[in-house]
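Colleague: Contents of run08.cif (mmCIF, C-alpha atoms and all ligand atoms) are below:
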```
data_structure
#
loop_
_atom_site.label_atom_id
_atom_site.label_comp_id
_atom_site.auth_asym_id
_atom_site.auth_seq_id
_atom_site.Cartn_x
_atom_site.Cartn_y
_atom_site.Cartn_z
CA MET Z 1250 -68.18 60.86 -20.23
CA THR Z 1251 -70.43 58.10 -18.84
CA ASN Z 1252 -71.78 58.17 -15.28
CA SER Z 1253 -69.16 55.67 -14.21
CA PRO Z 1254 -65.79 56.44 -15.79
CA THR Z 1255 -63.25 53.66 -16.23
CA ILE Z 1256 -59.81 54.36 -14.79
CA LEU Z 1257 -57.02 52.00 -15.84
CA VAL Z 1258 -54.09 51.97 -13.39
CA PHE Z 1259 -50.90 50.37 -14.69
CA ASP Z 1260 -47.68 49.27 -13.01
CA SER Z 1261 -45.04 46.59 -13.41
CA GLY Z 1262 -46.42 44.89 -10.30
CA LEU Z 1263 -48.17 45.65 -7.03
CA GLY Z 1264 -46.56 49.05 -6.36
CA GLY Z 1265 -49.18 50.97 -8.32
CA LEU Z 1266 -51.69 49.89 -5.67
CA THR Z 1267 -50.31 52.74 -3.51
CA VAL Z 1268 -51.48 55.16 -6.21
CA LEU Z 1269 -54.68 53.25 -6.85
CA ARG Z 1270 -55.85 53.53 -3.21
CA GLU Z 1271 -55.62 57.33 -3.39
CA VAL Z 1272 -57.44 57.47 -6.72
CA VAL Z 1273 -60.13 55.11 -5.39
CA ALA Z 1274 -60.62 57.39 -2.37
CA ALA Z 1275 -60.87 60.44 -4.65
CA ARG Z 1276 -63.18 58.77 -7.20
CA PRO Z 1277 -65.44 56.16 -5.60
CA ASP Z 1278 -67.78 56.58 -8.59
CA ALA Z 1279 -65.26 55.09 -11.05
CA HIS Z 1280 -64.77 51.57 -12.33
CA PHE Z 1281 -61.14 50.48 -11.81
CA VAL Z 1282 -58.98 48.19 -13.91
CA TYR Z 1283 -55.62 47.53 -12.28
CA VAL Z 1284 -53.00 45.96 -14.52
CA ALA Z 1285 -49.80 44.50 -13.06
CA ASP Z 1286 -47.32 43.71 -15.84
CA ASP Z 1287 -45.73 41.08 -13.62
CA ALA Z 1288 -44.65 39.02 -16.62
CA PHE Z 1289 -42.03 41.75 -17.19
CA PHE Z 1290 -41.30 42.70 -13.53
CA PRO Z 1291 -39.07 44.38 -12.42
CA TYR Z 1292 -38.95 47.20 -14.96
CA GLY Z 1293 -35.95 48.62 -13.11
CA HIS Z 1294 -33.84 45.76 -14.47
CA HIS Z 1295 -34.76 46.35 -18.13
CA SER Z 1296 -33.14 48.71 -20.64
CA GLU Z 1297 -34.95 51.81 -21.86
CA ASP Z 1298 -35.50 50.29 -25.32
CA GLU Z 1299 -36.94 47.11 -23.80
CA ILE Z 1300 -39.42 49.05 -21.65
CA ILE Z 1301 -40.63 51.20 -24.55
CA ALA Z 1302 -41.00 48.14 -26.77
CA ARG Z 1303 -42.95 46.37 -24.02
CA VAL Z 1304 -45.26 49.08 -22.69
CA VAL Z 1305 -46.36 50.97 -25.81
CA PRO Z 1306 -47.96 48.00 -27.66
CA LEU Z 1307 -49.25 46.44 -24.41
CA MET Z 1308 -51.03 49.70 -23.60
CA GLY Z 1309 -52.63 49.64 -27.06
CA GLU Z 1310 -54.08 46.20 -26.30
CA LEU Z 1311 -55.31 47.30 -22.87
CA ILE Z 1312 -56.97 50.41 -24.27
CA GLY Z 1313 -58.61 48.27 -26.97
CA THR Z 1314 -59.96 45.81 -24.40
CA HIS Z 1315 -61.01 48.12 -21.55
CA ASP Z 1316 -61.75 51.44 -23.28
CA PRO Z 1317 -60.62 53.54 -20.29
CA ASP Z 1318 -61.52 57.20 -19.88
CA ILE Z 1319 -58.12 57.81 -18.34
CA VAL Z 1320 -54.93 55.82 -17.79
CA VAL Z 1321 -52.66 56.26 -14.77
CA ILE Z 1322 -49.11 55.04 -15.29
CA ALA Z 1323 -48.48 54.28 -11.62
CA CYS Z 1324 -44.82 53.52 -12.16
CA ASN Z 1325 -41.93 55.97 -12.13
CA THR Z 1326 -39.65 53.62 -14.06
CA ALA Z 1327 -42.13 53.58 -16.95
CA SER Z 1328 -43.49 57.14 -16.69
CA THR Z 1329 -40.06 58.79 -16.86
CA LEU Z 1330 -39.59 57.04 -20.20
CA VAL Z 1331 -42.78 56.13 -22.03
CA LEU Z 1332 -45.28 58.91 -21.28
CA SER Z 1333 -44.40 60.93 -24.38
CA HIS Z 1334 -44.54 57.78 -26.56
CA LEU Z 1335 -47.94 56.83 -25.15
CA ARG Z 1336 -49.34 60.33 -25.69
CA ASP Z 1337 -48.09 60.28 -29.28
CA ALA Z 1338 -49.66 56.87 -29.93
CA TYR Z 1339 -53.05 57.06 -28.14
CA SER Z 1340 -55.65 59.77 -27.60
CA VAL Z 1341 -56.80 58.70 -24.10
CA PRO Z 1342 -55.46 61.05 -21.38
CA PHE Z 1343 -52.46 59.69 -19.45
CA VAL Z 1344 -51.44 60.71 -15.94
CA GLY Z 1345 -47.92 59.68 -14.98
CA THR Z 1346 -46.00 59.21 -11.76
CA VAL Z 1347 -42.64 60.98 -11.72
CA PRO Z 1348 -40.23 61.77 -8.86
CA ALA Z 1349 -41.70 64.53 -6.64
CA ILE Z 1350 -38.48 66.54 -6.66
CA LYS Z 1351 -40.11 69.96 -6.82
CA PRO Z 1352 -42.25 69.71 -3.65
CA ALA Z 1353 -39.46 67.89 -1.79
CA CYS Z 1354 -36.90 70.61 -2.51
CA ALA Z 1355 -39.43 73.34 -1.78
CA GLN Z 1356 -39.98 72.00 1.74
CA SER Z 1357 -36.48 70.84 2.74
CA ARG Z 1358 -35.07 72.97 5.55
CA THR Z 1359 -31.54 71.49 5.43
CA ARG Z 1360 -31.50 71.81 1.60
CA ARG Z 1361 -30.51 68.15 1.35
CA VAL Z 1362 -32.93 65.79 -0.39
CA SER Z 1363 -32.57 62.18 -1.49
CA VAL Z 1364 -34.47 60.53 -4.34
CA LEU Z 1365 -34.98 56.81 -3.78
CA GLY Z 1366 -36.03 55.04 -6.98
CA THR Z 1367 -35.22 52.09 -9.18
CA LYS Z 1368 -31.87 52.06 -10.93
CA GLY Z 1369 -33.74 52.92 -14.13
CA THR Z 1370 -35.57 55.94 -12.71
CA VAL Z 1371 -32.49 57.58 -11.20
CA LYS Z 1372 -30.59 57.17 -14.49
CA ARG Z 1373 -33.26 58.81 -16.61
CA GLU Z 1374 -32.70 62.09 -18.38
CA TYR Z 1375 -36.25 63.00 -17.26
CA THR Z 1376 -35.19 62.76 -13.59
CA LYS Z 1377 -32.02 64.76 -14.20
CA ALA Z 1378 -34.07 67.48 -15.90
CA LEU Z 1379 -36.40 67.64 -12.87
CA ILE Z 1380 -33.35 68.23 -10.67
CA ARG Z 1381 -31.96 70.91 -13.02
CA ASP Z 1382 -35.31 72.69 -13.13
CA PHE Z 1383 -36.63 72.26 -9.60
CA ALA Z 1384 -33.81 71.57 -7.10
CA GLN Z 1385 -34.02 75.22 -6.00
CA GLY Z 1386 -30.45 75.13 -4.71
CA CYS Z 1387 -30.85 71.85 -2.79
CA GLU Z 1388 -28.24 69.13 -2.94
CA VAL Z 1389 -30.07 66.12 -4.39
CA THR Z 1390 -28.69 62.59 -3.85
CA LEU Z 1391 -29.94 60.00 -6.34
CA VAL Z 1392 -30.21 56.51 -4.87
CA GLY Z 1393 -30.89 53.70 -7.35
CA SER Z 1394 -32.18 50.70 -5.44
CA PRO Z 1395 -31.78 47.33 -7.14
CA GLU Z 1396 -34.02 45.28 -4.86
CA LEU Z 1397 -36.45 47.40 -2.84
CA ALA Z 1398 -39.38 46.99 -5.29
CA SER Z 1399 -38.97 43.21 -5.18
CA LEU Z 1400 -38.77 43.30 -1.37
CA ALA Z 1401 -42.02 45.30 -1.26
CA GLU Z 1402 -43.70 42.75 -3.57
CA ALA Z 1403 -42.48 39.93 -1.34
CA GLU Z 1404 -43.75 41.58 1.84
CA LEU Z 1405 -47.18 42.33 0.37
CA SER Z 1406 -47.37 38.73 -0.81
CA GLY Z 1407 -46.82 37.52 2.77
CA ALA Z 1408 -43.10 36.62 2.69
CA SER Z 1409 -40.86 37.74 5.51
CA VAL Z 1410 -38.35 40.42 4.52
CA SER Z 1411 -35.43 41.15 6.83
CA ASP Z 1412 -34.60 44.57 8.27
CA GLY Z 1413 -31.04 44.15 6.99
CA ASP Z 1414 -32.18 43.71 3.40
CA ILE Z 1415 -34.32 46.85 3.56
CA LEU Z 1416 -31.68 48.90 5.33
CA ALA Z 1417 -29.05 48.00 2.74
CA GLU Z 1418 -31.22 49.71 0.08
CA LEU Z 1419 -32.22 52.64 2.27
CA ALA Z 1420 -28.96 53.64 3.96
CA PRO Z 1421 -27.42 55.60 1.03
CA CYS Z 1422 -30.31 58.10 1.28
CA PHE Z 1423 -29.00 59.37 4.60
CA VAL Z 1424 -26.23 61.87 3.99
CA GLY Z 1425 -24.47 64.12 6.53
CA GLU Z 1426 -24.22 64.04 10.31
CA ASP Z 1427 -25.18 67.38 11.66
CA ALA Z 1428 -28.92 67.86 12.16
CA THR Z 1429 -28.84 71.28 10.48
CA SER Z 1430 -27.33 70.00 7.22
CA ARG Z 1431 -28.12 66.30 6.87
CA THR Z 1432 -30.84 64.82 4.62
CA ASP Z 1433 -34.28 65.78 5.90
CA THR Z 1434 -36.48 64.73 2.96
CA VAL Z 1435 -36.65 61.48 0.96
CA VAL Z 1436 -38.65 61.27 -2.28
CA LEU Z 1437 -40.31 57.87 -2.72
CA ALA Z 1438 -39.68 57.70 -6.47
CA CYS Z 1439 -41.03 54.19 -6.94
CA THR Z 1440 -44.64 53.36 -6.26
CA HIS Z 1441 -43.66 50.14 -4.50
CA TYR Z 1442 -41.88 51.92 -1.66
CA PRO Z 1443 -44.91 53.32 0.21
CA LEU Z 1444 -45.88 49.66 0.74
CA LEU Z 1445 -42.87 49.52 3.10
CA LEU Z 1446 -43.29 52.97 4.63
CA ASP Z 1447 -43.73 51.81 8.24
CA ARG Z 1448 -40.54 49.80 8.01
CA LEU Z 1449 -38.64 52.57 6.22
CA LYS Z 1450 -39.59 54.96 9.04
CA ARG Z 1451 -38.52 52.50 11.69
CA LEU Z 1452 -35.20 51.68 10.03
CA ALA Z 1453 -34.23 55.25 9.08
CA PRO Z 1454 -31.10 56.40 10.95
CA TRP Z 1455 -32.92 59.66 11.75
CA PRO Z 1456 -36.43 61.01 11.10
CA VAL Z 1457 -37.07 62.53 7.67
CA ASP Z 1458 -40.11 63.58 5.64
CA TRP Z 1459 -41.11 60.94 3.08
CA ILE Z 1460 -42.66 62.35 -0.09
CA ASP Z 1461 -45.26 60.16 -1.79
CA PRO Z 1462 -46.87 61.77 -4.85
CA ALA Z 1463 -49.97 59.53 -4.82
CA PRO Z 1464 -52.42 62.08 -3.30
CA ALA Z 1465 -51.38 64.69 -5.89
CA ILE Z 1466 -51.85 62.13 -8.69
CA ALA Z 1467 -55.34 61.33 -7.41
CA ARG Z 1468 -56.27 65.04 -7.43
CA ARG Z 1469 -55.00 65.37 -11.00
CA VAL Z 1470 -57.04 62.35 -12.14
CA SER Z 1471 -60.15 63.69 -10.48
CA ASP Z 1472 -59.68 67.15 -12.02
CA LEU Z 1473 -59.33 65.62 -15.48
CA LEU Z 1474 -62.46 63.50 -15.07
CA GLY Z 1475 -64.58 66.40 -13.83
CA PRO Z 1476 -67.15 66.19 -11.03
CA PRO Z 1477 -68.61 62.73 -10.27
CA ALA Z 1478 -72.16 62.26 -11.52
CA ASP Z 1479 -73.32 60.57 -8.32
CA GLY Z 1480 -71.93 59.00 -5.17
CA SER Z 1481 -72.49 55.37 -6.13
CA GLN Z 1482 -69.55 52.95 -5.96
CA SER Z 1483 -68.53 51.06 -9.07
CA GLY Z 1484 -66.56 47.82 -9.55
CA ALA Z 1485 -62.95 46.75 -9.93
CA GLU Z 1486 -60.88 44.16 -11.70
CA MET Z 1487 -57.27 43.12 -11.45
CA ILE Z 1488 -55.17 41.71 -14.26
CA PHE Z 1489 -51.75 40.08 -14.00
CA THR Z 1490 -50.07 39.85 -17.40
CA SER Z 1491 -48.46 36.55 -16.32
CA ASN Z 1492 -52.00 35.15 -15.82
CA ARG Z 1493 -50.77 33.78 -12.50
CA VAL Z 1494 -53.28 32.68 -9.91
CA HIS Z 1495 -52.40 35.07 -7.10
CA GLY Z 1496 -54.62 34.19 -4.15
CA LEU Z 1497 -53.94 37.65 -2.75
CA SER Z 1498 -57.47 39.04 -2.87
CA ALA Z 1499 -57.82 39.52 0.89
CA ARG Z 1500 -54.59 41.52 1.03
CA LEU Z 1501 -55.40 43.55 -2.06
CA THR Z 1502 -59.04 44.52 -1.58
CA PRO Z 1503 -58.22 47.36 0.90
CA PHE Z 1504 -56.35 49.12 -1.92
CA PHE Z 1505 -59.57 48.92 -3.96
CA GLY Z 1506 -61.62 50.52 -1.18
CA GLY Z 1507 -63.05 47.12 -0.25
CA ARG Z 1508 -64.48 46.35 -3.68
CA ALA Z 1509 -64.72 42.66 -4.58
CA LEU Z 1510 -62.21 41.94 -7.34
CA ALA Z 1511 -63.39 40.50 -10.63
N1 LIG J 1 -43.33 50.49 -9.26
C1 LIG J 1 -42.32 50.84 -10.16
C2 LIG J 1 -41.84 52.29 -10.07
O1 LIG J 1 -42.56 53.12 -9.65
C3 LIG J 1 -41.28 49.93 -10.64
C4 LIG J 1 -40.61 48.85 -9.98
C5 LIG J 1 -39.92 47.95 -11.00
O2 LIG J 1 -40.65 47.30 -11.75
O3 LIG J 1 -38.68 47.94 -11.06
O4 LIG J 1 -40.78 52.62 -10.44
#
```
Could you quickly redo this structure as structure tokens?
Modeller:
Amino acid sequence: MTNSPTILVFDSGLGGLTVLREVVAARPDAHFVYVADDAFFPYGHHSEDEIIARVVPLMGELIGTHDPDIVVIACNTASTLVLSHLRDAYSVPFVGTVPAIKPACAQSRTRRVSVLGTKGTVKREYTKALIRDFAQGCEVTLVGSPELASLAEAELSGASVSDGDILAELAPCFVGEDATSRTDTVVLACTHYPLLLDRLKRLAPWPVDWIDPAPAIARRVSDLLGPPADGSQSGAEMIFTSNRVHGLSARLTPFFGGRALA
């Protein structure tokens, strides 16, 4: 591996930035390529066949162009579906983002956990298998949100998003009345949702623990890369598949640890 490894972080849009910022903090030595497949956003509205047919060849092009040392699929809607296809097709190591059901159920005291994801993610066989294998006796409520990823994109892009619109997506996560048996843990099973975390906390009918897998993903990436060669900071670039002119640099650079975006 070279002194400055290249890490390609991929999502349907801006949500993967919540994973990127953790990986950047863990690996300041790396060069980052962030790819937002916004031309096909939101993935949650596409069929499984459409997502596989979109992501597998697109990833081949991205690997050909950027020659990454590792690829992070910072999208639950894609990871729960395409990881095995990507690993079959390409030799570069892939790290995925899948619903953190195991740690959530391990820590829930009321044994009631909700998984908030896109409609695609909560439908996946992959997600159902995680519940079968790791619910540890907890009651798990799957909440497929049609609009929350788009609301997070809008807010990060500077639009105003109403409390009512967010609450309509969030409310089904809160099950039960009595403090000893109601939901106490919500899995953020879409990388867009941590962008709204302050608002989710404020709008929640009662306090819960919010589980974001990004720090664990960053540790996994760092373990796979091995120890950094030196402490120097490398560069970053951002690609929108729509080729749109985004004008968002000032809002996005904090996710890149302050690096100037190429
Ligand atoms: N950020 C994505 C996820 O983690 C997907 C949102 C979408 O494109 O529907 O699921």
Colleague: Report as CSV: every residue of chain Z with an atom at most 8 Å from ligand LIG 1 (chain J), its closest pair of atoms, and their distance in Å to one decimal, counting all atoms listed in the file, with rows sorted by chain and ascending residue number.
Modeller:
```
residue,atom,partner,partner_atom,distance
Z:Asp1260,CA,J:LIG1,N1,5.9
Z:Ser1261,CA,J:LIG1,O2,4.7
Z:Gly1262,CA,J:LIG1,O2,6.4
Z:Leu1263,CA,J:LIG1,N1,7.2
Z:Gly1264,CA,J:LIG1,N1,4.6
Z:Gly1265,CA,J:LIG1,N1,5.9
Z:Phe1289,CA,J:LIG1,O2,7.9
Z:Phe1290,CA,J:LIG1,O2,5.0
Z:Pro1291,CA,J:LIG1,O2,3.4
Z:Tyr1292,CA,J:LIG1,O2,3.6
Z:Gly1293,CA,J:LIG1,O3,3.5
Z:His1294,CA,J:LIG1,O3,6.3
Z:Ala1323,CA,J:LIG1,O1,6.3
Z:Cys1324,CA,J:LIG1,O1,3.4
Z:Asn1325,CA,J:LIG1,O1,3.8
Z:Thr1326,CA,J:LIG1,O4,3.9
Z:Ala1327,CA,J:LIG1,O4,6.7
Z:Thr1346,CA,J:LIG1,O1,7.3
Z:Gly1366,CA,J:LIG1,O4,6.4
Z:Thr1367,CA,J:LIG1,O3,5.7
Z:Lys1368,CA,J:LIG1,O3,8.0
Z:Gly1369,CA,J:LIG1,O3,7.7
Z:Thr1370,CA,J:LIG1,O4,6.6
Z:Pro1395,CA,J:LIG1,O3,8.0
Z:Ala1398,CA,J:LIG1,C4,5.2
Z:Ser1399,CA,J:LIG1,O3,7.6
Z:Ala1438,CA,J:LIG1,O1,6.3
Z:Cys1439,CA,J:LIG1,O1,3.3
Z:Thr1440,CA,J:LIG1,O1,4.0
Z:His1441,CA,J:LIG1,N1,4.8
Z:Tyr1442,CA,J:LIG1,N1,7.9
```
Colleague: To one decimal in Å, tell me the separation between atom CA of Z:Val1331 and atom CA of Z:Gly1506.
Modeller: 28.7 Å
Colleague: With only C-alpha atoms as the counted atoms, please give the residues lying no more than 12 Å from Z:Ile1322, apart from itself and same-chain residues fewer than 2 positions off, as a ChimeraX atom specification.
Modeller: /Z:1256-1262,1264-1266,1268-1269,1283-1286,1304-1305,1308,1319-1320,1324-1333,1335-1336,1342-1347,1439-1440,1463,1466-1467,1470
Colleague: Which one of Z:Met1487, Z:Val1282, Z:Ala1275, Z:Leu1419 sits closest to Z:Thr1255 if you count only C-alpha atoms?
Modeller: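 Residue with the minimum atom-to-atom distance to Z:Thr1255: Z:Val1282.
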Colleague: Which residues are close to Z:Ile1380, i.e. within 9 Å by all atoms listed in the file, leaving aside same-chain residues fewer than 4 positions away? Reply as an MDAnalysis selection string.
Modeller: chainID Z and resid 1350:1351 1375:1376 1384:1385 1389
